[in-house]
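Enquirer: Sharing work_5.csv here; it has CSV, C-alpha atoms.
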```csv
chain,number,residue,atom,x,y,z
M,1,MET,CA,185.8,-80.2,-17.5
M,2,ALA,CA,182.3,-80.2,-18.9
M,3,ALA,CA,181.5,-83.2,-20.9
M,4,GLU,CA,180.9,-82.6,-24.6
M,5,SER,CA,177.5,-83.4,-25.8
M,6,GLY,CA,175.6,-83.7,-29.1
M,7,HIS,CA,177.3,-85.2,-32.2
M,8,ALA,CA,180.9,-86.4,-32.1
M,9,GLU,CA,183.5,-83.8,-33.2
M,10,SER,CA,187.1,-83.8,-34.0
M,11,VAL,CA,189.6,-81.0,-34.0
M,12,ASP,CA,189.7,-81.3,-37.8
M,13,GLU,CA,186.0,-80.6,-38.2
M,14,PRO,CA,185.4,-77.5,-40.4
M,15,ILE,CA,184.5,-74.5,-38.4
M,16,GLY,CA,183.4,-71.0,-39.1
M,17,THR,CA,180.1,-71.6,-40.8
M,18,PRO,CA,177.2,-70.2,-38.8
M,19,THR,CA,174.3,-72.7,-38.1
M,20,GLY,CA,170.8,-71.6,-38.9
M,21,GLY,CA,168.0,-71.5,-36.4
M,22,LEU,CA,169.7,-70.7,-33.2
M,23,PRO,CA,167.5,-71.6,-30.2
M,24,THR,CA,165.3,-68.7,-29.1
M,25,PRO,CA,166.9,-68.3,-25.6
M,26,LEU,CA,170.4,-68.0,-27.2
M,27,ALA,CA,169.2,-65.7,-29.9
M,28,GLU,CA,167.6,-63.4,-27.3
M,29,THR,CA,170.7,-63.4,-25.1
M,30,LEU,CA,172.9,-62.6,-28.2
M,31,ARG,CA,170.6,-59.6,-28.8
M,32,TYR,CA,170.3,-58.2,-25.3
M,33,GLY,CA,173.3,-59.7,-23.4
M,34,PRO,CA,175.1,-59.8,-21.1
M,35,PHE,CA,178.2,-61.0,-22.9
M,36,HIS,CA,179.2,-63.7,-20.3
M,37,ARG,CA,175.7,-65.3,-20.5
M,38,ALA,CA,175.7,-65.2,-24.3
M,39,LEU,CA,179.1,-66.8,-24.4
M,40,ARG,CA,178.2,-69.5,-21.9
M,41,GLU,CA,174.9,-70.4,-23.7
M,42,ALA,CA,176.7,-70.4,-27.1
M,43,ILE,CA,179.4,-72.8,-25.8
M,44,ALA,CA,176.7,-75.1,-24.4
M,45,HIS,CA,174.7,-75.0,-27.6
M,46,ARG,CA,177.9,-75.9,-29.6
M,47,GLY,CA,178.5,-78.8,-27.2
M,48,LEU,CA,182.2,-78.0,-26.6
M,49,SER,CA,184.3,-78.2,-23.5
M,50,LEU,CA,186.6,-75.3,-22.8
M,51,ALA,CA,189.5,-77.5,-23.8
M,52,ARG,CA,188.0,-78.3,-27.2
M,53,LEU,CA,187.0,-74.6,-27.7
M,54,ARG,CA,190.6,-73.6,-27.0
M,55,ALA,CA,191.8,-76.2,-29.5
M,56,HIS,CA,189.5,-74.8,-32.2
M,57,LEU,CA,190.7,-71.3,-31.5
M,58,GLU,CA,194.3,-72.4,-31.9
M,59,GLN,CA,193.4,-73.8,-35.3
M,60,LEU,CA,192.6,-70.2,-36.2
M,61,GLY,CA,195.9,-68.9,-34.8
M,62,VAL,CA,194.3,-67.5,-31.7
M,63,GLN,CA,196.0,-68.1,-28.4
M,64,VAL,CA,193.8,-67.7,-25.3
M,65,GLY,CA,194.1,-69.4,-21.9
M,66,GLN,CA,191.4,-71.9,-20.8
M,67,SER,CA,191.1,-70.0,-17.5
M,68,THR,CA,190.5,-66.8,-19.4
M,69,LEU,CA,187.6,-68.4,-21.3
M,70,SER,CA,186.3,-69.7,-18.0
M,71,TYR,CA,186.4,-66.2,-16.4
M,72,TRP,CA,184.7,-64.7,-19.5
M,73,GLN,CA,181.8,-67.1,-19.5
M,74,ARG,CA,181.2,-66.6,-15.7
M,75,GLY,CA,181.4,-62.8,-15.9
M,76,LEU,CA,184.4,-62.6,-13.6
M,77,ARG,CA,186.4,-60.9,-16.3
M,78,HIS,CA,185.6,-59.2,-19.5
M,79,PRO,CA,187.3,-59.1,-22.9
M,80,GLU,CA,189.5,-56.0,-23.1
M,81,VAL,CA,189.0,-53.7,-26.1
M,82,PRO,CA,190.8,-53.4,-28.5
M,83,ARG,CA,193.1,-56.2,-27.5
M,84,ALA,CA,190.5,-59.0,-27.4
M,85,ILE,CA,188.6,-58.1,-30.6
M,86,GLY,CA,190.3,-60.7,-32.7
M,87,THR,CA,189.7,-63.4,-30.0
M,88,VAL,CA,186.0,-62.5,-29.8
M,89,ARG,CA,185.6,-62.7,-33.6
M,90,ALA,CA,187.3,-66.1,-33.6
M,91,LEU,CA,184.9,-67.2,-30.9
M,92,GLU,CA,182.0,-66.2,-33.1
M,93,SER,CA,183.5,-68.3,-35.9
M,94,VAL,CA,184.1,-71.4,-33.8
M,95,LEU,CA,180.7,-71.2,-32.1
M,96,ARG,CA,179.0,-70.6,-35.5
M,97,LEU,CA,177.4,-67.3,-34.4
M,98,PRO,CA,176.4,-64.4,-36.6
M,99,PRO,CA,179.2,-61.9,-37.2
M,100,SER,CA,179.6,-59.3,-34.5
M,101,SER,CA,176.9,-60.9,-32.3
M,102,LEU,CA,179.4,-61.3,-29.4
M,103,LEU,CA,181.5,-58.3,-30.3
M,104,ASP,CA,178.4,-56.0,-30.0
M,105,LEU,CA,177.9,-57.1,-26.4
M,106,ILE,CA,181.4,-56.0,-25.4
M,107,GLY,CA,180.7,-52.3,-25.9
M,108,PRO,CA,183.1,-49.4,-26.2
M,109,ARG,CA,185.3,-50.1,-23.2
M,110,THR,CA,188.8,-49.1,-22.4
M,111,ALA,CA,191.5,-51.6,-21.7
M,112,ASN,CA,191.5,-50.7,-18.0
M,113,THR,CA,187.7,-51.0,-17.5
M,114,TYR,CA,187.9,-54.5,-16.2
M,115,LEU,CA,190.7,-55.2,-13.8
M,116,PRO,CA,191.5,-58.6,-12.3
M,117,ARG,CA,189.6,-59.2,-9.0
M,118,PRO,CA,191.8,-59.6,-5.9
M,119,VAL,CA,192.8,-63.1,-4.9
M,120,PRO,CA,190.2,-64.1,-2.2
M,121,THR,CA,191.5,-64.6,1.3
M,122,TRP,CA,190.0,-65.0,4.7
M,123,PRO,CA,191.7,-62.2,6.6
M,124,ASP,CA,191.5,-63.7,10.1
M,125,SER,CA,193.3,-66.9,9.0
M,126,ALA,CA,196.6,-65.0,8.2
M,127,PRO,CA,198.0,-65.1,11.8
M,128,LEU,CA,197.3,-68.8,12.0
M,129,LEU,CA,199.0,-69.6,8.8
M,130,ALA,CA,202.0,-67.4,9.8
M,131,SER,CA,202.6,-69.8,12.7
M,132,PHE,CA,203.8,-72.4,10.2
M,133,GLY,CA,206.3,-70.1,8.6
M,134,SER,CA,209.3,-71.1,10.8
M,135,VAL,CA,209.7,-74.3,8.8
M,136,PRO,CA,210.6,-73.8,5.1
M,137,GLU,CA,208.7,-76.8,3.9
M,138,ALA,CA,205.5,-75.5,5.5
M,139,ALA,CA,206.0,-72.0,4.1
M,140,ARG,CA,206.2,-73.1,0.5
M,141,SER,CA,204.0,-76.3,0.7
M,142,ASN,CA,200.9,-75.4,-1.2
M,143,ALA,CA,202.7,-73.1,-3.6
M,144,GLU,CA,204.5,-76.1,-5.1
M,145,LEU,CA,201.3,-78.1,-5.6
M,146,GLU,CA,198.7,-77.7,-8.4
M,147,VAL,CA,195.3,-78.7,-7.1
M,148,LEU,CA,193.6,-80.8,-9.9
M,149,SER,CA,190.5,-81.9,-8.2
M,150,VAL,CA,188.7,-81.5,-4.8
M,151,HIS,CA,185.8,-83.5,-3.4
M,152,ASP,CA,184.2,-82.4,-0.1
M,153,THR,CA,181.6,-84.5,1.6
M,154,VAL,CA,179.8,-82.8,4.5
M,155,GLN,CA,177.7,-84.6,7.1
M,156,ILE,CA,174.8,-82.5,8.6
M,157,GLY,CA,173.4,-83.7,11.9
M,158,MET,CA,169.8,-83.8,13.3
M,159,HIS,CA,170.3,-80.4,15.0
M,160,ARG,CA,171.3,-78.8,11.6
M,161,GLU,CA,174.9,-78.7,12.7
M,162,GLN,CA,177.8,-79.5,10.5
M,163,ARG,CA,179.3,-82.7,11.9
M,164,SER,CA,182.2,-83.5,9.7
M,165,ILE,CA,183.9,-82.7,6.4
M,166,THR,CA,185.8,-85.3,4.4
M,167,THR,CA,188.0,-83.9,1.7
M,168,ARG,CA,189.7,-85.9,-1.1
M,169,LEU,CA,192.3,-84.0,-3.2
M,170,VAL,CA,194.2,-84.8,-6.3
M,171,VAL,CA,197.4,-82.6,-6.6
M,172,ARG,CA,200.3,-82.4,-9.0
M,173,ALA,CA,203.8,-81.3,-8.0
M,174,LEU,CA,204.9,-78.3,-9.9
M,175,ARG,CA,208.6,-79.0,-9.1
M,176,GLN,CA,210.7,-81.5,-7.2
M,177,GLY,CA,210.2,-81.8,-3.5
M,178,PRO,CA,206.8,-81.0,-2.0
M,179,ASP,CA,205.9,-83.5,0.8
M,180,ARG,CA,202.9,-81.9,2.5
M,181,TYR,CA,199.7,-79.9,2.1
M,182,LEU,CA,198.5,-77.2,4.5
M,183,ALA,CA,194.7,-77.3,5.1
M,184,VAL,CA,192.6,-74.6,6.8
M,185,HIS,CA,189.2,-75.1,8.3
M,186,GLN,CA,186.8,-72.5,9.8
M,187,GLY,CA,184.1,-73.7,12.1
M,188,ASP,CA,180.5,-72.4,12.0
M,189,ASP,CA,179.2,-69.8,14.4
M,190,GLY,CA,179.3,-71.1,17.9
M,191,ALA,CA,181.8,-73.9,17.1
M,192,MET,CA,184.5,-74.7,19.7
M,193,ILE,CA,187.4,-75.2,17.5
M,194,ASP,CA,189.5,-76.6,20.3
M,195,ASN,CA,187.3,-79.7,20.3
M,196,ALA,CA,187.7,-80.4,16.6
M,197,LEU,CA,189.5,-83.5,15.5
M,198,VAL,CA,191.5,-84.3,12.3
M,199,ARG,CA,191.6,-87.8,10.9
M,200,ALA,CA,194.1,-88.4,8.2
M,201,GLY,CA,192.9,-90.8,5.4
M,202,GLU,CA,194.6,-92.3,2.4
M,203,GLY,CA,197.9,-90.9,1.2
M,204,CYS,CA,198.8,-88.8,4.2
M,205,ARG,CA,199.3,-88.5,7.9
M,206,GLN,CA,198.7,-85.7,10.3
M,207,GLY,CA,201.5,-83.2,11.0
M,208,ARG,CA,201.4,-80.0,13.1
M,209,LEU,CA,198.1,-78.7,14.1
M,210,ARG,CA,197.2,-75.1,15.0
M,211,ARG,CA,194.0,-73.6,16.4
M,212,GLU,CA,192.7,-70.1,17.0
M,213,SER,CA,189.6,-70.0,19.2
M,214,ALA,CA,188.5,-66.4,18.4
M,215,SER,CA,188.3,-66.9,14.7
M,216,ARG,CA,187.2,-70.6,14.9
M,217,ASN,CA,190.1,-71.5,12.6
M,218,LEU,CA,192.1,-74.6,12.4
M,219,ALA,CA,195.2,-75.3,10.2
M,220,VAL,CA,196.8,-78.7,9.8
M,221,GLU,CA,199.7,-80.2,7.9
M,222,LEU,CA,198.9,-83.3,5.9
M,223,LEU,CA,202.2,-85.1,5.4
M,224,PHE,CA,202.8,-87.3,2.4
M,225,ASP,CA,205.0,-90.5,2.7
M,226,ARG,CA,207.6,-89.1,0.4
M,227,ARG,CA,208.7,-86.0,-1.5
M,228,LEU,CA,206.9,-85.8,-4.9
M,229,ALA,CA,208.8,-85.7,-8.1
M,230,ALA,CA,208.2,-82.8,-10.5
M,231,GLY,CA,205.0,-83.6,-12.4
M,232,GLU,CA,203.9,-86.4,-10.1
M,233,GLU,CA,200.3,-86.7,-9.1
M,234,HIS,CA,199.2,-87.6,-5.6
M,235,VAL,CA,195.8,-88.5,-4.0
M,236,PHE,CA,195.1,-88.0,-0.4
M,237,SER,CA,192.1,-87.5,2.0
M,238,PHE,CA,191.3,-86.3,5.5
M,239,THR,CA,188.3,-85.7,7.7
M,240,ILE,CA,187.7,-82.8,10.1
M,241,VAL,CA,185.2,-83.6,12.8
M,242,ASP,CA,183.7,-80.3,14.1
M,243,ASP,CA,180.2,-80.8,15.4
M,244,THR,CA,179.8,-78.1,18.1
M,245,GLY,CA,178.5,-75.2,15.9
M,246,GLY,CA,175.0,-73.9,15.4
M,247,PRO,CA,172.8,-74.5,12.3
M,248,THR,CA,175.2,-74.5,9.4
M,249,PRO,CA,174.7,-71.8,6.7
M,250,GLY,CA,176.4,-74.2,4.2
M,251,THR,CA,179.9,-75.0,3.0
M,252,HIS,CA,182.2,-73.0,0.9
M,253,ARG,CA,185.8,-73.5,-0.2
M,254,THR,CA,188.3,-70.8,-1.2
M,255,PHE,CA,190.4,-71.4,-4.4
M,256,ARG,CA,193.4,-69.2,-4.8
M,257,ASP,CA,194.2,-70.6,-8.2
M,258,THR,CA,192.2,-72.3,-10.9
M,259,CYS,CA,191.2,-75.9,-10.0
M,260,GLY,CA,190.1,-78.4,-12.7
M,261,SER,CA,187.0,-79.7,-10.8
M,262,TYR,CA,185.3,-79.3,-7.5
M,263,LEU,CA,182.5,-81.5,-6.2
M,264,VAL,CA,180.8,-80.6,-2.9
M,265,GLN,CA,178.1,-82.8,-1.4
M,266,LEU,CA,176.0,-82.2,1.7
M,267,SER,CA,174.3,-85.2,3.4
M,268,PHE,CA,171.5,-84.2,5.7
M,269,HIS,CA,170.0,-86.1,8.6
M,270,ARG,CA,166.5,-87.3,7.8
M,271,ARG,CA,165.1,-85.2,10.7
M,272,ALA,CA,166.8,-82.0,9.5
M,273,MET,CA,166.1,-81.4,5.9
M,274,PRO,CA,166.8,-78.0,4.4
M,275,ALA,CA,164.2,-75.6,3.0
M,276,ARG,CA,166.5,-74.6,0.2
M,277,CYS,CA,170.1,-75.2,-1.1
M,278,MET,CA,171.8,-72.9,-3.6
M,279,LYS,CA,175.0,-73.5,-5.6
M,280,GLN,CA,177.0,-70.3,-5.8
M,281,PHE,CA,180.4,-68.8,-6.6
M,282,ARG,CA,181.8,-65.5,-5.6
M,283,ALA,CA,185.1,-63.8,-6.5
M,284,SER,CA,185.8,-62.6,-2.9
M,285,PRO,CA,184.1,-62.8,0.5
M,286,GLU,CA,182.4,-59.4,-0.1
M,287,ALA,CA,181.4,-60.0,-3.8
M,288,THR,CA,177.9,-60.7,-5.0
M,289,PRO,CA,177.4,-64.4,-5.7
M,290,VAL,CA,177.3,-65.4,-9.4
M,291,ASP,CA,176.5,-68.7,-11.1
M,292,VAL,CA,173.7,-69.1,-8.5
M,293,GLU,CA,171.6,-72.2,-9.1
M,294,GLU,CA,168.9,-73.8,-6.9
M,295,LEU,CA,169.7,-77.4,-6.1
M,296,VAL,CA,167.5,-80.4,-5.5
M,297,CYS,CA,167.9,-82.3,-2.3
M,298,GLY,CA,167.0,-85.9,-3.1
M,299,LEU,CA,165.0,-88.4,-1.0
M,300,GLY,CA,168.2,-89.7,0.4
M,301,GLY,CA,169.0,-86.3,1.8
M,302,VAL,CA,172.1,-85.6,-0.3
M,303,VAL,CA,172.6,-82.4,-2.4
M,304,SER,CA,175.5,-82.0,-4.8
M,305,ALA,CA,177.1,-79.1,-6.6
M,306,TYR,CA,179.8,-79.5,-9.3
M,307,PHE,CA,182.2,-76.8,-10.5
M,308,SER,CA,184.5,-77.1,-13.5
M,309,GLU,CA,187.6,-74.9,-14.0
M,310,VAL,CA,186.7,-73.1,-10.7
M,311,GLY,CA,188.6,-70.2,-9.1
M,312,PRO,CA,190.2,-68.0,-8.1
M,313,GLY,CA,187.2,-67.4,-5.8
M,314,ILE,CA,184.9,-69.1,-3.4
M,315,ALA,CA,182.6,-71.9,-4.4
M,316,GLY,CA,180.1,-73.9,-2.4
M,317,ILE,CA,176.5,-74.5,-1.3
M,318,ALA,CA,174.4,-72.1,0.8
M,319,VAL,CA,171.7,-73.6,3.0
M,320,GLU,CA,168.5,-72.0,4.1
M,321,TRP,CA,166.5,-73.7,6.9
M,322,SER,CA,163.2,-71.8,6.7
```
Just dump the structure as structure tokens.
Expert:
Amino acid sequence: MAAESGHAESVDEPIGTPTGGLPTPLAETLRYGPFHRALREAIAHRGLSLARLRAHLEQLGVQVGQSTLSYWQRGLRHPEVPRAIGTVRALESVLRLPPSSLLDLIGPRTANTYLPRPVPTWPDSAPLLASFGSVPEAARSNAELEVLSVHDTVQIGMHREQRSITTRLVVRALRQGPDRYLAVHQGDDGAMIDNALVRAGEGCRQGRLRRESASRNLAVELLFDRRLAAGEEHVFSFTIVDDTGGPTPGTHRTFRDTCGSYLVQLSFHRRAMPARCMKQFRASPEATPVDVEELVCGLGGVVSAYFSEVGPGIAGIAVEWS
């Protein structure tokens, strides 16, 4: 969740009174659009997290999901007319914007103009995952877990190769019983996935491991030390050592559901510093990246990208070497 900034607020603070003197960039975006950028800039100007924005909307009797607000401000979905007119007017009130300033950016669209994007998948990983289907626990493993937070740390070697990825996850059991997590890794071009190693860290141990050389895919079960109770949170980590590929194009993670936060960090060898690094999100492997932002690689050779309320989709850092 994005931290709130500016003056301290409470849910009881009066809302609905437009503030004068909107900053010029926001005023221009409200005039020319697009809708998602205007909404994002208005939320940032108001200093609200999506959770607080949703709480203010509930005060006005408007029910809208936090994930929906996230999709709207990233341009992954669009308010459907006429169903969302009341919600958009409430957003104008909460964000203290001139009446109809957001509504005018929606335009005369039909309810079917914007359809949900397909859930992103990597097609060539399907056969590998199917090999775990003979055991009921593996087949339902991830479906019974809500991923709350993911932190990926990637080590890049002196030959620009990805050397290892250490992943730390926080999950919550949606019901009684899950005791494992199924992780999938795809090596870079040229990687010999048969040589990759998995090292279990805190909160888990390695279970079954499957590899598919042609697609450079690896799937591994991370077994917990017990079955989780419904609502129980669990922290675990693991490292995949896969250092046989060519120069890495970066690191990206697929989210099939919304995740509260994702932090990805690339640590470069001092003799192999990148020319450019770009934070990006896309709704599917074929989609055009959105939320593109150039990142600064510090003197220590580490570049970081943080995503809040991410997914469904693919988030990560793209690397250019020249």
Enquirer: Dump as a list of chain:residue names all residues having an atom at most 9 Å from (180.1, -73.6, -8.4), computed in the file's coordinates with all atoms listed in the file.
Expert: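 Those residues, ordered by chain and then number, are M:Tyr262, M:Leu263, M:Val264, M:Lys279, M:Gln280, M:Phe281, M:Arg282, M:Val290, M:Asp291, M:Val292, M:Glu293, M:Ala305, M:Tyr306, M:Phe307, M:Ser308, M:Val310, M:Ile314, M:Ala315, M:Gly316, M:Ile317.
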Enquirer: Can you pull out every residue within 10 Å of Arg89 of chain M, counting only C-alpha atoms, but drop anything in the same chain fewer than 4 positions away, and send it as a list in words?
Expert: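 Near Arg89 of chain M, the qualifying residues are Ala84, Ile85, Ser93, Val94, Leu95, Leu97, Pro98, Pro99, Ser100, Ser101, Leu102 and Leu103 of chain M.
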Enquirer: What does the distance between atom CA of Ser149 of chain M and atom CA of Leu266 of chain M come to in Å, to one decimal place?
Expert: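 Computing the Euclidean distance for atom CA of Ser149 of chain M and atom CA of Leu266 of chain M yields 17.6 Å.
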Enquirer: Given only C-alpha atoms as the basis, pick out the residue of M:Ile193, M:Leu48, M:Val62, M:Val198 nearest to Glu212 of chain M.
Expert: M:Ile193
Enquirer: Just want the 7 Å neighbourhood of Glu232 of chain M, counted on all atoms listed in the file, with same-chain residues fewer than 2 positions away dropped. Output as a PDB file with C-alpha atoms, in the frame of the given file.
Expert:
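Output file result_16.pdb follows:
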```pdb
ATOM      1  CA  ARG M 172     200.300 -82.400  -9.000  1.00  0.00           C
ATOM      2  CA  ALA M 173     203.800 -81.300  -8.000  1.00  0.00           C
ATOM      3  CA  LEU M 228     206.900 -85.800  -4.900  1.00  0.00           C
ATOM      4  CA  ALA M 229     208.800 -85.700  -8.100  1.00  0.00           C
ATOM      5  CA  ALA M 230     208.200 -82.800 -10.500  1.00  0.00           C
ATOM      6  CA  HIS M 234     199.200 -87.600  -5.600  1.00  0.00           C
TER       7      HIS M 234
END
```
Enquirer: Ranking M:Gly75, M:Gly203, M:Gly187, M:Gly231 by minimum distance to Gly246 of chain M and counting all atoms listed in the file, which one comes first?
Expert: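 Nearest to Gly246 of chain M: M:Gly187.
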Enquirer: Compare M:Asn195, M:Arg163, M:Ser237, M:Arg168 by their minimum atom-to-atom distance to Thr251 of chain M, counting only C-alpha atoms, and give me the closest one.
Expert: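 Between M:Asn195, M:Arg163, M:Ser237, M:Arg168, the residue approaching Thr251 of chain M most closely is M:Arg163.
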Enquirer: Would you list the contacts of Gly207 of chain M as a ChimeraX atom specification, taking every protein, DNA or RNA residue within 9 Å and counting all atoms listed in the file, but skipping same-chain residues closer than 3 positions in sequence?
Expert: /M:180,220-223
